[in-house]
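Engineer: My questions will all concern the structure given below.
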Amino acid sequence: MMDSLPVSPLRVPLKKSDLVQMLELLRLSWKLQAMPAYQQLIAAELPASARMVTGTAGVMMGYDFHLTEDGPRLIEINTNAGGSALALRACHGEPTLTPSLKRRLGQMFEREWSDFCEARRPLQRLVILDENPQQQHLYPEMKRFAGWLEAAGIEVHIVDPVELEADARGVSLAGKVVDLIYNRHCDFYLDDISMAGIRSAYLARKVCLTPNPFIYGQLGDKRRLKLWTQAEKMAGLGLSVVEIGLLQRLIPASCLLADFDPNELWELRKEKVFKPVARYGSKGVLLGKTISRKRFAELEPFDTLVQQLVPPSQISDPAGNAFKLDLRLYAWRNHALGIAARLYQGQVTNLNTVGGGFAAVVLESNA
């Protein structure tokens, strides 16, 4: 039932000037990923799956921010951001799509398919892919999403990778060809053995995968945050002083663990957060103030991003219960689709906090 979903009744205020900066960063990141010089700069860091350009963009991306007194700070970019149905419910109640949202939803998937499909035939069969989807917190949201797509005349199934037959000849489900995979799985580069068949089909261009390894490598891999804060390299790509300033202002200082002397970093750890470069959301994220010396020593130097800690802001309900919050800006290409807050208690974002979950955002003036 939708009533059991993690949706908060609270409404989170957001300054219009903060939203403007978020939108500017969204558009700038999309400009960056399309630049040949930028693609060449990062190519050596990417696996083969992420170097193949398919022309597709990646649906339902999410830009996650914390709010500070000096404005928003980008925590990470998720290329397979979930929760859109929950965000819609938080903002509008029962998440029935408006004509505008129906049009945008259809445009996203139709454009992804048409950019991929040389035959230009209609999109017929789509799967929403995740690991053990029925066990995921957002499974009810996936079902809602499937319903929206089915209403547009597309056959939709929610599946685990093991349910698919996949190899270099293509992907099928119960003997029927799958045209497009809406990827909610967190193996972004298709490295896991369970994704081997899908990887083969994708590299053979036999299935449209969205989002895909290419767009994740361009935007979602957390090593990009380090690059974007290096002013000289950004200037070398032709970005303006204003654009470079936006990146440096909105992105917390970010480096790889390999860039530090371990002993010096240990002394500074309480000011830092440690993140695997190629994992999703809060999975594997460690706050420096809670990390043990043993766990610190186990971190992979070239696969761990060390980011300046930006504590989340807070909001309280009428009973005085305090919730931490972040903001998720949903996007497709360089277009914003909507924004919602996520409220939680504890160390990292979760969907288990009573009274927490997705919440509506209310714009207010700066006055």
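Residues are referred to by chain and number: the chain letter is A, B, ... according to the order shown in the structure tokens, the number counts from 1 in that chain, and ligands are numbered separately from 1 in the order shown.
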Could you pull out the strand (DSSP E or B) residues of range 57-236 of chain A from DSSP and send them as an MDAnalysis selection string?

Structural biologist: chainID A and resid 61:68 71:78 125:129 155:159 165:167 170:173 176:177 180:183 208:210

Engineer: Residues of range 159-218 of chain A that approach range 113-123 of chain A to 12 Å or less, counting only C-alpha atoms: could you list each one with the shortest pair of atoms and its distance in Å to one decimal, rows by chain and increasing residue number, as CSV?

Structural biologist:
residue,atom,partner,partner_atom,distance
A:Val177,CA,A:Leu123,CA,11.1
A:Val178,CA,A:Leu123,CA,9.5
A:Asp179,CA,A:Leu123,CA,6.6
A:Leu180,CA,A:Trp113,CA,7.2
A:Ile181,CA,A:Trp113,CA,10.1
A:Tyr182,CA,A:Trp113,CA,10.9
A:Tyr202,CA,A:Phe116,CA,10.9
A:Arg205,CA,A:Phe116,CA,8.3
A:Lys206,CA,A:Cys117,CA,9.2
A:Val207,CA,A:Phe116,CA,8.5
A:Cys208,CA,A:Phe116,CA,6.2
A:Leu209,CA,A:Phe116,CA,9.1
A:Thr210,CA,A:Trp113,CA,9.2
A:Pro211,CA,A:Trp113,CA,11.7
A:Asn212,CA,A:Phe116,CA,11.8

Engineer: Produce a file of the selected residues containing C-alpha atoms, as a short mmCIF file (atom, residue, chain, number, x, y, z; two decimals), in the first residue's frame.

Structural biologist:
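Contents of the output file result_21.cif:
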data_model
loop_
_atom_site.label_atom_id
_atom_site.label_comp_id
_atom_site.auth_asym_id
_atom_site.auth_seq_id
_atom_site.Cartn_x
_atom_site.Cartn_y
_atom_site.Cartn_z
CA VAL A 177 13.08 -9.86 -26.55
CA VAL A 178 13.77 -7.03 -24.10
CA ASP A 179 14.26 -3.69 -25.85
CA LEU A 180 15.29 -1.48 -22.96
CA ILE A 181 16.59 -1.97 -19.42
CA TYR A 182 15.83 0.78 -16.91
CA TYR A 202 25.20 -3.94 -24.04
CA ARG A 205 24.63 -2.87 -28.79
CA LYS A 206 21.83 -5.41 -28.61
CA VAL A 207 19.97 -3.80 -25.69
CA CYS A 208 19.36 -0.22 -24.67
CA LEU A 209 20.58 0.29 -21.11
CA THR A 210 19.62 3.44 -19.26
CA PRO A 211 21.35 4.78 -17.30
CA ASN A 212 24.51 3.12 -18.57
#

Engineer: Considering only C-alpha atoms, state which residue in the set A:Val127, A:Ile42, A:Leu227, A:Met234 is at the smallest distance from Asn183 in chain A.

Structural biologist: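 Of A:Val127, A:Ile42, A:Leu227, A:Met234, the one nearest Asn183 in chain A, counting only C-alpha atoms, is A:Val127.
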
Engineer: What's the 12 Å shell around Val242 in chain A, counting only C-alpha atoms, without same-chain residues fewer than 3 positions away, as a list in words?

Structural biologist: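 Residues near the query, excluding close chain neighbours: Gln21, Glu24, Leu25, Leu28, Ala231, Met234, Ala235, Gly238, Leu239, Gly245, Leu246, Leu247, Gln248 and Arg249 of chain A.
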
Engineer: Quick check, in Å to one decimal: how far apart do CA of Ala57 in chain A and CA of Arg73 in chain A lie?

Structural biologist: 23.9 Å

Engineer: Would you mind telling me which residue in A:Leu257, A:Ala48, A:Leu309, A:Leu250 lies nearest to Glu271 in chain A when using only C-alpha atoms?

Structural biologist: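 Residue with the minimum atom-to-atom distance to Glu271 in chain A: A:Leu309.
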
Engineer: In Å, how far is it from CA of Leu105 in chain A to CA of Ile198 in chain A?

Structural biologist: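 Pair CA of Leu105 in chain A / CA of Ile198 in chain A returns 24.2 Å.
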
Engineer: So how far away is CA of Arg144 in chain A from CA of Ala85 in chain A, in Å?

Structural biologist: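 Straight-line distance from CA of Ala85 in chain A to CA of Arg144 in chain A works out to 6.8 Å.
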
Engineer: Apply DSSP to the structure's backbone, then extract all residues of range 40-208 of chain A labelled alpha helix (DSSP H) and return them as number ranges by chain.

Structural biologist: A: 40-42, 48-51, 84-92, 99-116, 139-151, 196-203

Engineer: Near Ala151 in chain A, within 12 Å and counting only C-alpha atoms, which residues show up once chain neighbours fewer than 3 positions away are dropped, as a CSV table (one decimal) with N, CA, C and O atoms, in the first residue's frame?

Structural biologist:
chain,number,residue,atom,x,y,z
A,96,THR,N,-0.5,10.6,-8.8
A,96,THR,CA,-1.1,10.5,-10.2
A,96,THR,C,-0.4,11.5,-11.1
A,96,THR,O,-0.2,12.7,-10.7
A,97,LEU,N,0.1,11.1,-12.2
A,97,LEU,CA,0.9,12.0,-13.1
A,97,LEU,C,0.0,13.1,-13.7
A,97,LEU,O,-1.0,12.8,-14.2
A,102,LYS,N,3.5,13.2,-17.4
A,102,LYS,CA,3.3,12.1,-18.3
A,102,LYS,C,4.1,12.4,-19.6
A,102,LYS,O,4.7,11.5,-20.1
A,103,ARG,N,4.0,13.6,-20.1
A,103,ARG,CA,4.7,13.9,-21.3
A,103,ARG,C,6.3,13.8,-21.1
A,103,ARG,O,7.0,13.2,-21.9
A,105,LEU,N,7.9,12.0,-18.8
A,105,LEU,CA,8.2,10.6,-18.6
A,105,LEU,C,8.3,9.8,-20.0
A,105,LEU,O,9.3,9.1,-20.2
A,106,GLY,N,7.3,10.1,-20.8
A,106,GLY,CA,7.3,9.4,-22.1
A,106,GLY,C,8.5,9.9,-23.0
A,106,GLY,O,9.1,9.1,-23.6
A,144,ARG,N,5.0,1.4,-9.0
A,144,ARG,CA,4.3,2.6,-9.4
A,144,ARG,C,4.9,3.1,-10.7
A,144,ARG,O,4.1,3.4,-11.7
A,145,PHE,N,6.2,3.1,-10.8
A,145,PHE,CA,6.8,3.5,-12.1
A,145,PHE,C,6.4,2.6,-13.2
A,145,PHE,O,6.2,3.1,-14.3
A,146,ALA,N,6.4,1.3,-13.0
A,146,ALA,CA,6.0,0.4,-14.0
A,146,ALA,C,4.6,0.6,-14.5
A,146,ALA,O,4.3,0.6,-15.7
A,147,GLY,N,3.7,1.0,-13.6
A,147,GLY,CA,2.3,1.3,-13.9
A,147,GLY,C,2.3,2.5,-14.8
A,147,GLY,O,1.5,2.6,-15.8
A,148,TRP,N,3.1,3.5,-14.6
A,148,TRP,CA,3.1,4.7,-15.4
A,148,TRP,C,3.5,4.4,-16.8
A,148,TRP,O,2.9,4.9,-17.8
A,154,ILE,N,3.6,0.4,-22.9
A,154,ILE,CA,4.9,-0.3,-22.9
A,154,ILE,C,4.7,-1.5,-22.0
A,154,ILE,O,4.2,-1.4,-20.9
A,155,GLU,N,5.1,-2.7,-22.4
A,155,GLU,CA,5.1,-3.9,-21.6
A,155,GLU,C,6.3,-3.8,-20.6
A,155,GLU,O,7.4,-3.6,-21.0
A,156,VAL,N,6.0,-3.9,-19.3
A,156,VAL,CA,7.0,-3.6,-18.3
A,156,VAL,C,7.1,-4.8,-17.3
A,156,VAL,O,6.1,-5.3,-16.9

Engineer: With only C-alpha atoms as the atoms that count, which of A:Pro13, A:Pro262, A:Pro6, A:Pro252 lies nearest to Ala90 in chain A?

Structural biologist: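 Among A:Pro13, A:Pro262, A:Pro6, A:Pro252, it is A:Pro6 that comes nearest to Ala90 in chain A.
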